[in-house]
file model_4.cif (mmCIF, C-alpha atoms)
data_data
#
loop_
_atom_site.label_atom_id
_atom_site.label_comp_id
_atom_site.auth_asym_id
_atom_site.auth_seq_id
_atom_site.Cartn_x
_atom_site.Cartn_y
_atom_site.Cartn_z
CA MET P 658 139.01 123.80 53.30
CA ASP P 659 141.18 121.90 50.83
CA LEU P 660 144.45 122.66 52.63
CA SER P 661 143.17 121.35 55.98
CA ARG P 662 141.61 118.22 54.45
CA ARG P 663 144.74 117.42 52.43
CA ASN P 664 146.99 117.58 55.47
CA LEU P 665 144.58 115.61 57.61
CA LEU P 666 144.56 112.87 55.00
CA ALA P 667 148.36 112.92 54.87
CA SER P 668 148.49 112.37 58.63
CA THR P 669 146.22 109.31 58.28
CA ALA P 670 148.85 107.42 56.31
CA LEU P 671 151.54 108.24 58.84
CA ALA P 672 149.62 106.77 61.76
CA ALA P 673 148.31 103.76 59.84
CA ALA P 674 151.67 102.21 58.86
CA PRO P 675 152.99 99.28 60.94
CA MET P 676 154.84 100.08 64.15
CA PRO P 677 157.17 97.11 64.68
CA HIS P 678 159.07 98.71 67.56
CA HIS P 679 155.98 99.48 69.62
CA HIS P 680 153.55 96.66 68.79
CA ARG P 681 153.04 95.74 72.44
CA ASP P 682 151.96 99.22 73.50
CA PRO P 683 148.18 99.61 73.95
CA LEU P 684 148.28 103.12 72.50
CA LEU P 685 150.75 105.14 70.44
CA THR P 686 150.71 108.92 70.78
CA GLY P 687 151.37 111.28 67.94
CA PHE P 688 154.96 111.60 69.14
CA ASP P 689 155.36 107.80 69.18
CA ASN P 690 154.26 107.67 65.55
CA LEU P 691 156.43 110.65 64.60
CA ALA P 692 159.58 109.05 66.06
CA ALA P 693 158.74 105.61 64.67
CA HIS P 694 158.67 107.16 61.18
CA ASP P 695 162.06 108.85 61.58
CA TYR P 696 160.47 112.27 62.11
CA ALA P 697 159.47 112.32 58.44
CA PRO P 698 157.19 115.41 58.72
CA LEU P 699 160.17 117.37 60.07
CA ALA P 700 162.77 116.22 57.53
CA GLY P 701 165.04 119.06 56.44
CA GLN P 702 163.30 121.49 58.79
CA LYS P 703 164.43 123.48 61.79
CA ALA P 704 161.75 122.62 64.32
CA GLY P 705 160.51 124.40 67.42
CA ILE P 706 158.05 122.79 69.80
CA VAL P 707 155.22 124.21 71.92
CA THR P 708 155.04 121.91 74.92
CA ASN P 709 155.01 121.60 78.70
CA PRO P 710 155.65 118.83 81.28
CA THR P 711 152.93 116.64 79.70
CA GLY P 712 155.01 116.20 76.53
CA ILE P 713 156.49 112.89 77.64
CA THR P 714 157.03 109.38 76.34
CA ARG P 715 155.58 106.25 77.90
CA ALA P 716 158.94 105.89 79.68
CA THR P 717 158.35 109.38 81.22
CA GLU P 718 161.17 111.06 79.27
CA HIS P 719 160.36 114.54 78.03
CA ILE P 720 160.13 114.60 74.25
CA VAL P 721 162.33 117.72 74.10
CA ASP P 722 165.13 115.76 75.77
CA VAL P 723 164.52 112.81 73.41
CA MET P 724 164.42 114.94 70.27
CA HIS P 725 167.41 117.05 71.32
CA ARG P 726 169.73 114.03 71.35
CA ASP P 727 168.27 112.35 68.25
CA PRO P 728 170.28 113.11 65.08
CA ARG P 729 167.23 112.42 62.89
CA VAL P 730 165.58 115.70 63.88
CA GLU P 731 166.86 119.27 64.13
CA LEU P 732 165.18 120.76 67.21
CA THR P 733 166.29 124.38 67.60
CA ALA P 734 163.75 126.06 69.93
CA VAL P 735 161.10 125.47 72.59
CA PHE P 736 157.99 127.60 73.17
CA GLY P 737 156.52 127.64 76.68
CA PRO P 738 152.78 128.21 77.41
CA GLU P 739 151.06 129.18 80.69
CA HIS P 740 152.86 127.52 83.65
CA GLY P 741 155.98 127.27 81.48
CA PHE P 742 157.75 124.58 79.47
CA ARG P 743 159.12 122.78 82.55
CA GLY P 744 156.03 123.69 84.62
CA THR P 745 157.54 125.92 87.29
CA ALA P 746 154.85 128.66 87.26
CA GLN P 747 151.42 128.72 88.95
CA ALA P 748 148.12 129.69 87.28
CA GLY P 749 148.42 132.99 85.43
CA GLY P 750 152.21 132.77 85.18
CA SER P 751 154.96 131.64 82.83
CA GLU P 752 158.72 131.12 82.83
CA GLY P 753 159.79 133.93 80.50
CA ARG P 754 162.56 133.85 77.89
CA HIS P 755 165.53 131.72 78.97
CA ASP P 756 167.85 128.92 77.88
CA ASP P 757 166.83 125.45 79.05
CA PRO P 758 169.48 124.21 81.51
CA ALA P 759 169.11 120.57 80.45
CA THR P 760 169.48 121.01 76.67
CA GLY P 761 170.76 124.55 76.18
CA LEU P 762 167.87 125.21 73.79
CA PRO P 763 166.37 128.70 73.73
CA VAL P 764 162.94 128.77 75.37
CA TYR P 765 160.52 131.46 74.19
CA ASP P 766 157.47 132.55 76.20
CA THR P 767 154.13 132.34 74.34
CA TYR P 768 151.83 133.03 77.30
CA LEU P 769 149.35 135.87 76.59
CA LYS P 770 150.92 136.44 73.17
CA SER P 771 148.89 136.11 69.99
CA GLY P 772 148.64 137.50 66.47
CA ARG P 773 151.58 139.47 65.13
CA PRO P 774 153.56 139.61 68.43
CA LEU P 775 153.52 135.79 68.60
CA ALA P 776 154.32 135.54 64.88
CA ASP P 777 157.35 137.74 65.58
CA VAL P 778 158.47 135.26 68.27
CA PHE P 779 158.31 132.43 65.73
CA THR P 780 160.20 134.52 63.18
CA ALA P 781 162.88 135.49 65.70
CA SER P 782 163.37 131.83 66.68
CA GLY P 783 164.42 130.94 63.13
CA VAL P 784 162.34 127.75 62.98
CA ASP P 785 160.73 126.45 59.79
CA THR P 786 158.09 124.31 61.50
CA VAL P 787 156.22 124.78 64.78
CA VAL P 788 155.28 121.52 66.53
CA PHE P 789 152.58 121.29 69.22
CA ASP P 790 152.40 118.56 71.88
CA ILE P 791 150.46 119.33 75.07
CA GLN P 792 147.97 117.20 77.00
CA ASP P 793 144.50 118.76 77.02
CA VAL P 794 141.69 117.93 79.48
CA GLY P 795 138.62 118.41 77.26
CA ALA P 796 137.20 121.73 78.52
CA ARG P 797 136.77 124.90 76.45
CA PHE P 798 138.19 127.10 79.20
CA TYR P 799 141.41 125.11 79.63
CA THR P 800 143.81 127.52 78.00
CA TYR P 801 146.17 125.14 76.18
CA ILE P 802 143.73 124.68 73.29
CA TRP P 803 143.73 128.45 72.79
CA THR P 804 147.51 128.41 72.92
CA LEU P 805 147.13 125.93 70.05
CA TYR P 806 144.78 128.29 68.20
CA ASP P 807 146.98 131.33 68.76
CA CYS P 808 150.09 129.45 67.66
CA MET P 809 148.38 128.20 64.49
CA GLU P 810 147.27 131.72 63.65
CA ALA P 811 150.73 133.15 64.36
CA ALA P 812 152.46 130.40 62.37
CA ALA P 813 150.27 131.28 59.38
CA LEU P 814 151.22 134.95 59.74
CA ALA P 815 154.91 134.05 60.00
CA GLY P 816 154.78 131.61 57.06
CA LYS P 817 155.66 128.60 59.21
CA ARG P 818 154.44 125.01 58.88
CA PHE P 819 152.49 123.60 61.82
CA VAL P 820 152.54 119.99 63.05
CA VAL P 821 150.24 118.74 65.84
CA LEU P 822 151.19 115.58 67.73
CA ASP P 823 148.00 114.06 69.09
CA ARG P 824 147.28 112.78 72.60
CA PRO P 825 144.12 111.26 74.13
CA ASN P 826 141.27 113.32 75.49
CA PRO P 827 141.44 111.92 79.05
CA VAL P 828 137.69 112.21 79.62
CA THR P 829 136.81 110.48 76.30
CA GLY P 830 135.81 111.88 72.95
CA ARG P 831 132.27 110.51 73.02
CA ALA P 832 130.22 113.68 72.82
CA ALA P 833 130.25 117.44 73.06
CA GLU P 834 128.28 118.88 75.99
CA GLY P 835 127.35 122.27 77.36
CA PRO P 836 126.80 125.77 76.01
CA VAL P 837 128.62 127.08 72.94
CA LEU P 838 130.63 130.29 73.27
CA ARG P 839 129.16 133.46 71.84
CA GLU P 840 131.83 135.50 70.04
CA GLU P 841 131.19 138.68 72.04
CA PHE P 842 132.31 136.80 75.18
CA ALA P 843 135.58 135.61 73.65
CA SER P 844 138.69 135.60 75.86
CA PHE P 845 141.72 133.41 76.54
CA VAL P 846 139.37 130.93 78.26
CA GLY P 847 137.39 130.69 75.02
CA ARG P 848 138.41 132.21 71.70
CA LYS P 849 135.85 130.62 69.36
CA PRO P 850 132.36 129.05 69.43
CA ILE P 851 132.92 125.50 70.64
CA ALA P 852 131.06 123.59 73.35
CA GLN P 853 132.09 123.80 76.99
CA ALA P 854 133.09 120.10 76.95
CA HIS P 855 134.23 119.67 73.34
CA GLY P 856 134.87 115.90 73.26
CA MET P 857 137.78 116.22 70.81
CA THR P 858 141.52 115.63 70.74
CA VAL P 859 143.98 118.44 70.07
CA ALA P 860 144.59 117.21 66.51
CA GLU P 861 140.85 117.19 65.86
CA LEU P 862 140.57 120.69 67.29
CA ALA P 863 143.44 121.82 65.08
CA GLY P 864 141.54 120.63 62.03
CA LEU P 865 138.39 122.38 63.26
CA PHE P 866 140.27 125.62 63.94
CA ASN P 867 141.92 125.52 60.51
CA GLY P 868 138.76 124.67 58.63
CA GLU P 869 136.26 126.88 60.46
CA PHE P 870 137.89 129.77 62.31
CA LEU P 871 141.29 130.84 60.99
CA SER P 872 140.98 133.62 58.42
CA THR P 873 144.24 132.40 56.86
CA PRO P 874 144.66 128.62 57.29
CA VAL P 875 148.07 127.42 58.37
CA GLU P 876 149.96 124.70 56.50
CA LEU P 877 148.83 122.00 58.92
CA GLU P 878 149.88 118.40 59.42
CA THR P 879 148.52 116.26 62.23
CA VAL P 880 150.20 113.08 63.47
CA ARG P 881 147.49 110.83 64.81
CA MET P 882 147.51 108.34 67.62
CA SER P 883 147.16 104.62 67.00
CA GLY P 884 144.94 102.45 69.17
CA TRP P 885 142.77 105.15 70.78
CA LYS P 886 138.99 104.72 71.03
CA ARG P 887 136.62 107.62 71.61
CA SER P 888 135.02 105.83 74.57
CA ALA P 889 138.33 105.39 76.41
CA PHE P 890 139.17 107.22 79.62
CA HIS P 891 142.77 108.06 80.45
CA ASP P 892 143.51 104.91 82.44
CA ALA P 893 142.83 102.77 79.37
CA SER P 894 145.73 104.44 77.54
CA GLY P 895 148.48 103.00 79.72
CA LEU P 896 150.16 106.41 79.59
CA PRO P 897 151.52 108.07 82.72
CA TRP P 898 149.52 111.04 83.98
CA VAL P 899 151.45 114.28 84.33
CA PRO P 900 149.46 117.18 85.79
CA PRO P 901 148.97 119.55 82.81
CA SER P 902 148.78 122.40 85.32
CA PRO P 903 149.33 122.62 89.09
CA ASN P 904 145.64 122.28 89.94
CA MET P 905 144.97 119.33 87.61
CA PRO P 906 146.64 116.62 89.74
CA THR P 907 144.76 113.53 88.53
CA PRO P 908 142.51 112.28 85.71
CA ASP P 909 139.69 112.44 88.29
CA THR P 910 140.18 116.21 88.38
CA ALA P 911 139.84 116.38 84.61
CA LEU P 912 136.65 114.32 84.77
CA VAL P 913 134.79 116.95 86.83
CA TYR P 914 136.62 120.05 85.66
CA SER P 915 134.42 121.05 82.71
CA GLY P 916 131.54 121.48 85.19
CA THR P 917 132.98 122.45 88.56
CA CYS P 918 135.44 124.97 87.16
CA LEU P 919 132.36 127.21 86.90
CA PHE P 920 132.82 127.88 90.62
CA GLU P 921 135.80 130.05 89.66
CA GLY P 922 133.09 132.51 88.64
CA THR P 923 131.56 132.59 92.14
CA ASN P 924 132.60 133.55 95.67
CA LEU P 925 132.82 129.86 96.64
CA SER P 926 136.10 127.98 96.67
CA GLU P 927 136.61 125.65 93.73
CA GLY P 928 139.03 123.64 95.87
CA ARG P 929 142.27 125.36 94.88
CA GLY P 930 144.69 125.00 97.75
CA THR P 931 143.43 121.51 98.59
CA THR P 932 144.54 118.06 97.47
CA ARG P 933 141.27 117.63 95.49
CA PRO P 934 140.81 120.84 93.46
CA PHE P 935 137.50 121.03 91.55
CA GLU P 936 136.21 118.01 93.52
CA LEU P 937 135.94 119.98 96.79
CA LEU P 938 133.70 123.06 96.68
CA GLY P 939 132.63 125.32 99.52
CA ALA P 940 132.57 128.55 101.49
CA GLU P 941 132.24 129.85 105.03
CA GLY P 942 128.68 129.33 106.23
CA VAL P 943 127.83 126.44 103.89
CA ASP P 944 126.58 123.30 105.65
CA GLY P 945 125.08 119.89 104.92
CA ARG P 946 121.98 121.32 103.28
CA TRP P 947 123.89 121.76 100.01
CA ALA P 948 124.89 118.09 99.69
CA ALA P 949 121.32 117.07 100.58
CA ALA P 950 119.84 119.40 97.97
CA VAL P 951 122.05 118.32 95.08
CA ASN P 952 121.80 114.61 96.00
CA GLY P 953 118.03 115.09 95.89
CA LEU P 954 118.22 115.79 92.17
CA GLY P 955 119.31 112.20 91.44
CA LEU P 956 121.98 113.21 88.94
CA PRO P 957 123.36 110.18 87.06
CA GLY P 958 126.76 108.76 87.97
CA VAL P 959 127.56 111.06 90.91
CA ARG P 960 127.00 111.56 94.64
CA PHE P 961 127.88 114.46 96.90
CA ARG P 962 129.33 114.24 100.39
CA GLU P 963 129.10 116.97 103.01
CA ALA P 964 132.71 118.10 103.39
CA TYR P 965 134.82 120.58 105.35
CA PHE P 966 138.27 121.78 104.31
CA ALA P 967 140.80 124.58 104.76
CA PRO P 968 142.46 125.80 101.53
CA THR P 969 146.19 126.53 101.84
CA PHE P 970 145.97 129.24 99.17
CA SER P 971 143.44 131.02 96.94
CA LYS P 972 139.89 131.65 98.25
CA PHE P 973 139.45 131.24 102.03
CA GLN P 974 143.14 130.60 102.56
CA GLY P 975 143.70 129.12 106.03
CA LYS P 976 139.99 129.16 106.91
CA THR P 977 137.78 126.12 107.44
CA VAL P 978 134.88 126.12 105.01
CA GLY P 979 131.90 123.85 104.45
CA GLY P 980 130.65 122.40 101.20
CA VAL P 981 130.64 119.22 99.17
CA GLN P 982 133.00 116.69 97.72
CA VAL P 983 132.01 115.40 94.28
CA HIS P 984 132.21 111.60 94.07
CA VAL P 985 131.78 110.18 90.54
CA THR P 986 130.23 106.71 90.86
CA ASP P 987 129.70 105.91 87.16
CA ARG P 988 131.94 107.95 84.89
CA ALA P 989 130.23 106.71 81.71
CA ALA P 990 126.88 108.08 82.93
CA PHE P 991 128.30 111.23 84.54
CA ASP P 992 127.62 114.56 82.81
CA PRO P 993 130.07 117.12 84.24
CA VAL P 994 128.48 120.20 82.69
CA ARG P 995 124.96 119.40 83.86
CA THR P 996 126.40 118.55 87.27
CA GLY P 997 128.17 121.90 87.45
CA ILE P 998 124.94 123.74 86.68
CA ALA P 999 123.04 121.70 89.29
CA LEU P 1000 125.67 122.59 91.89
CA LEU P 1001 125.36 126.31 91.07
CA VAL P 1002 121.56 126.23 91.18
CA THR P 1003 121.44 124.43 94.54
CA ALA P 1004 124.25 126.47 96.11
CA ARG P 1005 122.35 129.66 95.37
CA LYS P 1006 119.19 128.23 96.91
CA VAL P 1007 120.67 126.88 100.16
CA TRP P 1008 123.30 129.54 100.96
CA ASP P 1009 122.26 133.15 101.23
CA GLY P 1010 125.87 134.29 100.89
CA PHE P 1011 126.11 133.08 97.27
CA ALA P 1012 127.44 135.67 94.81
CA TRP P 1013 128.98 135.80 91.36
CA ARG P 1014 132.47 137.25 91.00
CA SER P 1015 132.16 140.99 90.43
CA ASP P 1016 134.02 140.79 87.10
CA ARG P 1017 131.35 138.38 85.78
CA TRP P 1018 133.97 135.75 85.11
CA ILE P 1019 131.14 133.21 84.98
CA ASP P 1020 130.09 134.73 81.64
CA LYS P 1021 133.57 134.09 80.21
CA LEU P 1022 133.52 130.50 81.47
CA THR P 1023 130.03 129.65 80.19
CA GLY P 1024 130.45 131.69 77.00
CA SER P 1025 127.54 134.10 77.51
CA ASP P 1026 125.52 135.83 80.25
CA ARG P 1027 122.69 133.31 79.90
CA VAL P 1028 123.65 130.87 82.67
CA ARG P 1029 124.13 133.68 85.19
CA THR P 1030 120.93 135.52 84.34
CA MET P 1031 118.81 132.36 84.21
CA ILE P 1032 120.04 131.13 87.59
CA ASP P 1033 119.50 134.59 89.08
CA ALA P 1034 115.95 134.50 87.73
CA GLY P 1035 115.30 131.21 89.55
CA ALA P 1036 115.65 128.76 86.65
CA ASP P 1037 116.23 125.12 87.58
CA THR P 1038 118.86 122.76 86.18
CA ASP P 1039 116.65 121.45 83.37
CA GLU P 1040 115.71 124.94 82.22
CA VAL P 1041 119.31 126.14 82.15
CA THR P 1042 120.68 123.09 80.34
CA GLY P 1043 117.72 123.05 77.96
CA ALA P 1044 118.48 126.59 76.81
CA TRP P 1045 121.65 125.60 74.92
CA GLN P 1046 120.51 122.41 73.19
CA GLU P 1047 119.91 123.97 69.77
CA GLU P 1048 123.35 125.61 69.56
CA LEU P 1049 124.97 122.44 70.92
CA ALA P 1050 123.31 120.36 68.19
CA ALA P 1051 124.64 122.77 65.57
CA PHE P 1052 128.18 122.53 66.98
CA ARG P 1053 127.97 118.74 67.07
CA ARG P 1054 127.16 118.71 63.35
CA VAL P 1055 130.23 120.82 62.54
CA ARG P 1056 132.43 118.85 64.95
CA LYS P 1057 131.52 115.55 63.29
CA GLY P 1058 133.37 116.51 60.11
CA TYR P 1059 136.69 116.84 61.98
CA LEU P 1060 136.71 113.66 64.07
CA LEU P 1061 139.68 111.37 63.31
CA TYR P 1062 138.93 108.29 65.42
CA LYS P 1063 136.11 105.76 65.77
#

call {"tool": "encode", "arguments": {"input": "model_4.cif", "output": "structure tokens"}}
result
Amino acid sequence: MDLSRRNLLASTALAAAPMPHHHRDPLLTGFDNLAAHDYAPLAGQKAGIVTNPTGITRATEHIVDVMHRDPRVELTAVFGPEHGFRGTAQAGGSEGRHDDPATGLPVYDTYLKSGRPLADVFTASGVDTVVFDIQDVGARFYTYIWTLYDCMEAAALAGKRFVVLDRPNPVTGRAAEGPVLREEFASFVGRKPIAQAHGMTVAELAGLFNGEFLSTPVELETVRMSGWKRSAFHDASGLPWVPPSPNMPTPDTALVYSGTCLFEGTNLSEGRGTTRPFELLGAEGVDGRWAAAVNGLGLPGVRFREAYFAPTFSKFQGKTVGGVQVHVTDRAAFDPVRTGIALLVTARKVWDGFAWRSDRWIDKLTGSDRVRTMIDAGADTDEVTGAWQEELAAFRRVRKGYLLYK
């Protein structure tokens, strides 16, 4: 769409200009480039920002605190997603409407709001421009990208401008992997047909959402990063890691998450309540046969260790369970989605207690009922992953037109 392309091109010039104050930094985020250009996209605007604890500078200051004291920008509101703006809420929770103690700014709750109710929040806040700056982890079912989508849609309804400040995809932007969502399975863990591991940044996703999915495109501007390469993992950025949610403690978690999060859709623990969520998987009655079976597949870049653990909350709270720990040995070769499917297939074969969650949450996570029904029918890893290759190729072709970095 012309509107999306025009604003994407405008953001290119902003990121490409020299950055004399930050020339030693290996990477500049969208916020770095915004501040270095005197907040030009926000000039003369009352701005509100959708953010959470990941919205920080390289010096670990929160950008809300930085912007609040900077006379070059008029920040008048904050919008908190799941877990809240300051990050005080667990999964499935938010902080509610309140005034931020540190800045006095009004904080509005966006969690589980969309469409006209969310547009009414933006209208009530009195802002002219909605800014988005949240660290994503690269998986379709990580809800912050759908907060982005919902906020873009609501901003269009409310007649507000929308500015996305880009940050790195911590697990690289090399390729999209996994099944593509079918619209009839849409939910807050997947609104639109993108791949399970999308391989995009939030600014790239914003362009895709605006150009492909929003019935009324928003007036969008994206502020790109400088110095990011698609092949780079998070540690190459030099940026501090802030857990985007309570169960995403490290970049290692993000690396496996787009595959092992599928265990949320089963009766096995996905490692919540441990120090290695999504790397530890297990249940009562599981033993070393599971690690042996999945190691026998020779999956690239990963090994599996027989492991025992006792979750402090969530599934099997306070009980010792058996299972595996996922050890990534070559992250460039590792395919998290294929690995997740292999773990499901082998778990079902070696443990007779295996069951899907009764609400068929697995269908929401994978984007259709195909993975569940194929595994139940005895399909192996190759058969399951082969079933989505045509739709994945089609998504990759669309995705290519919205990529902003080499």

call {"tool": "closest_residue", "arguments": {"input": "model_4.cif", "among": "P:Met809, P:Ile851, P:Ala889, P:Leu1001", "to": "Ala863 in chain P", "atoms": "all atoms listed in the file"}}
result
P:Met809

call {"tool": "resolve_selection", "arguments": {"input": "model_4.cif", "expression": "the PyMOL selection byres ((chain P and resi 850) around 7)", "output": "list in words"}}
result
Val837, Leu838, Arg839, Glu840, Lys849, Ile851 and Ala852 of chain P

call {"tool": "resolve_selection", "arguments": {"input": "model_4.cif", "expression": "the PyMOL selection byres ((chain P and resi 893) around 12)", "output": "list in words"}}
result
Asp682, Pro683, Leu684, Pro825, Asn826, Pro827, Val828, Thr829, Gly884, Trp885, Lys886, Arg887, Ser888, Ala889, Phe890, His891, Asp892, Ser894, Gly895, Leu896, Pro897, Trp898 and Pro908 of chain P

call {"tool": "residues_around", "arguments": {"input": "model_4.cif", "residues": "range 1017-1019 of chain P", "least_positions_apart": "3", "cutoff": "12 Å", "atoms": "all atoms listed in the file", "output": "ChimeraX atom specification"}}
result
/P:798,842-847,916-924,997-998,1001,1012-1014,1022-1030,1032

call {"tool": "resolve_selection", "arguments": {"input": "model_4.cif", "expression": "the PyMOL selection byres ((chain P and resi 873) around 10)", "output": "PyMOL selection string"}}
result
chain P and resi 809-811+813-814+867-868+870-872+874-876

call {"tool": "atom_distance", "arguments": {"input": "model_4.cif", "atom1": "CA of Gly864 in chain P", "atom2": "CA of Tyr1062 in chain P"}}
result
13.1 Å

call {"tool": "closest_residue", "arguments": {"input": "model_4.cif", "among": "P:Phe688, P:Phe1011, P:Phe779, P:Phe866", "to": "Val1055 in chain P", "atoms": "all atoms listed in the file"}}
result
P:Phe866

call {"tool": "closest_residue", "arguments": {"input": "model_4.cif", "among": "P:His984, P:Ala911, P:Arg797, P:Pro774", "to": "Val899 in chain P", "atoms": "all atoms listed in the file"}}
result
P:Ala911

call {"tool": "closest_residue", "arguments": {"input": "model_4.cif", "among": "P:Thr910, P:Arg946, P:Gly939, P:Gly955", "to": "Lys976 in chain P", "atoms": "only C-alpha atoms"}}
result
P:Gly939

call {"tool": "atom_distance", "arguments": {"input": "model_4.cif", "atom1": "CA of Gln792 in chain P", "atom2": "CA of Phe742 in chain P"}}
result
12.5 Å

call {"tool": "atom_distance", "arguments": {"input": "model_4.cif", "atom1": "CA of Arg824 in chain P", "atom2": "CA of Thr686 in chain P"}}
result
5.5 Å

call {"tool": "closest_residue", "arguments": {"input": "model_4.cif", "among": "P:Thr986, P:Thr858, P:Thr711, P:Thr969", "to": "Asp909 in chain P", "atoms": "only C-alpha atoms"}}
result
P:Thr986

call {"tool": "axis_aligned_box", "arguments": {"input": "model_4.cif", "around": "range 1016-1022 of chain P", "padding_each_side": "8 Å", "output": "AutoDock Vina command-line options"}}
result
--center_x 132.1 --center_y 135.6 --center_z 83.7 --size_x 19.9 --size_y 26.3 --size_z 22.9

call {"tool": "closest_residue", "arguments": {"input": "model_4.cif", "among": "P:Lys1057, P:Arg988, P:His725, P:Lys1006", "to": "Pro763 in chain P", "atoms": "all atoms listed in the file"}}
result
P:His725

call {"tool": "residues_around", "arguments": {"input": "model_4.cif", "residues": "Asp1037 in chain P", "least_positions_apart": "3", "cutoff": "10 Å", "atoms": "all atoms listed in the file", "output": "ChimeraX atom specification"}}
result
/P:998-999,1001-1003,1031-1032,1034,1040-1043

call {"tool": "decode", "arguments": {"input": "model_4.cif", "residues": "range 914-920 of chain P", "atoms": "all heavy atoms", "output": "PDB file, in the first residue's frame"}}
result
ATOM      1  N   TYR P 914      12.216 -21.073  22.412  1.00  0.00           N
ATOM      2  CA  TYR P 914      10.818 -20.815  22.731  1.00  0.00           C
ATOM      3  C   TYR P 914       9.845 -21.098  21.587  1.00  0.00           C
ATOM      4  O   TYR P 914       8.750 -21.636  21.814  1.00  0.00           O
ATOM      5  CB  TYR P 914      10.679 -19.363  23.201  1.00  0.00           C
ATOM      6  CG  TYR P 914       9.269 -18.909  23.487  1.00  0.00           C
ATOM      7  CD1 TYR P 914       8.610 -19.291  24.646  1.00  0.00           C
ATOM      8  CD2 TYR P 914       8.591 -18.077  22.587  1.00  0.00           C
ATOM      9  CE1 TYR P 914       7.324 -18.861  24.920  1.00  0.00           C
ATOM     10  CE2 TYR P 914       7.307 -17.641  22.853  1.00  0.00           C
ATOM     11  CZ  TYR P 914       6.671 -18.036  24.019  1.00  0.00           C
ATOM     12  OH  TYR P 914       5.388 -17.616  24.273  1.00  0.00           O
ATOM     13  N   SER P 915      10.198 -20.745  20.363  1.00  0.00           N
ATOM     14  CA  SER P 915       9.250 -20.914  19.260  1.00  0.00           C
ATOM     15  C   SER P 915       8.967 -22.386  18.961  1.00  0.00           C
ATOM     16  O   SER P 915       8.037 -22.693  18.215  1.00  0.00           O
ATOM     17  CB  SER P 915       9.745 -20.204  17.992  1.00  0.00           C
ATOM     18  OG  SER P 915      10.974 -20.729  17.559  1.00  0.00           O
ATOM     19  N   GLY P 916       9.731 -23.297  19.560  1.00  0.00           N
ATOM     20  CA  GLY P 916       9.446 -24.731  19.435  1.00  0.00           C
ATOM     21  C   GLY P 916       8.902 -25.331  20.716  1.00  0.00           C
ATOM     22  O   GLY P 916       7.860 -25.983  20.724  1.00  0.00           O
ATOM     23  N   THR P 917       9.585 -25.102  21.831  1.00  0.00           N
ATOM     24  CA  THR P 917       9.203 -25.792  23.062  1.00  0.00           C
ATOM     25  C   THR P 917       7.996 -25.178  23.755  1.00  0.00           C
ATOM     26  O   THR P 917       7.401 -25.816  24.621  1.00  0.00           O
ATOM     27  CB  THR P 917      10.387 -25.854  24.047  1.00  0.00           C
ATOM     28  OG1 THR P 917      10.855 -24.525  24.309  1.00  0.00           O
ATOM     29  CG2 THR P 917      11.523 -26.687  23.475  1.00  0.00           C
ATOM     30  N   CYS P 918       7.611 -23.964  23.370  1.00  0.00           N
ATOM     31  CA  CYS P 918       6.372 -23.408  23.914  1.00  0.00           C
ATOM     32  C   CYS P 918       5.172 -24.274  23.540  1.00  0.00           C
ATOM     33  O   CYS P 918       4.121 -24.201  24.193  1.00  0.00           O
ATOM     34  CB  CYS P 918       6.159 -21.983  23.420  1.00  0.00           C
ATOM     35  SG  CYS P 918       4.683 -21.190  24.090  1.00  0.00           S
ATOM     36  N   LEU P 919       5.307 -25.125  22.531  1.00  0.00           N
ATOM     37  CA  LEU P 919       4.210 -26.012  22.148  1.00  0.00           C
ATOM     38  C   LEU P 919       3.801 -26.929  23.295  1.00  0.00           C
ATOM     39  O   LEU P 919       2.663 -27.417  23.333  1.00  0.00           O
ATOM     40  CB  LEU P 919       4.609 -26.846  20.928  1.00  0.00           C
ATOM     41  CG  LEU P 919       4.894 -26.055  19.647  1.00  0.00           C
ATOM     42  CD1 LEU P 919       5.270 -26.996  18.511  1.00  0.00           C
ATOM     43  CD2 LEU P 919       3.710 -25.179  19.256  1.00  0.00           C
ATOM     44  N   PHE P 920       4.712 -27.138  24.264  1.00  0.00           N
ATOM     45  CA  PHE P 920       4.359 -27.995  25.398  1.00  0.00           C
ATOM     46  C   PHE P 920       3.350 -27.339  26.328  1.00  0.00           C
ATOM     47  O   PHE P 920       2.778 -28.024  27.186  1.00  0.00           O
ATOM     48  CB  PHE P 920       5.625 -28.452  26.127  1.00  0.00           C
ATOM     49  CG  PHE P 920       6.272 -29.614  25.423  1.00  0.00           C
ATOM     50  CD1 PHE P 920       7.111 -29.396  24.349  1.00  0.00           C
ATOM     51  CD2 PHE P 920       5.970 -30.913  25.782  1.00  0.00           C
ATOM     52  CE1 PHE P 920       7.659 -30.460  23.653  1.00  0.00           C
ATOM     53  CE2 PHE P 920       6.509 -31.994  25.090  1.00  0.00           C
ATOM     54  CZ  PHE P 920       7.355 -31.778  24.024  1.00  0.00           C
TER      55      PHE P 920
END
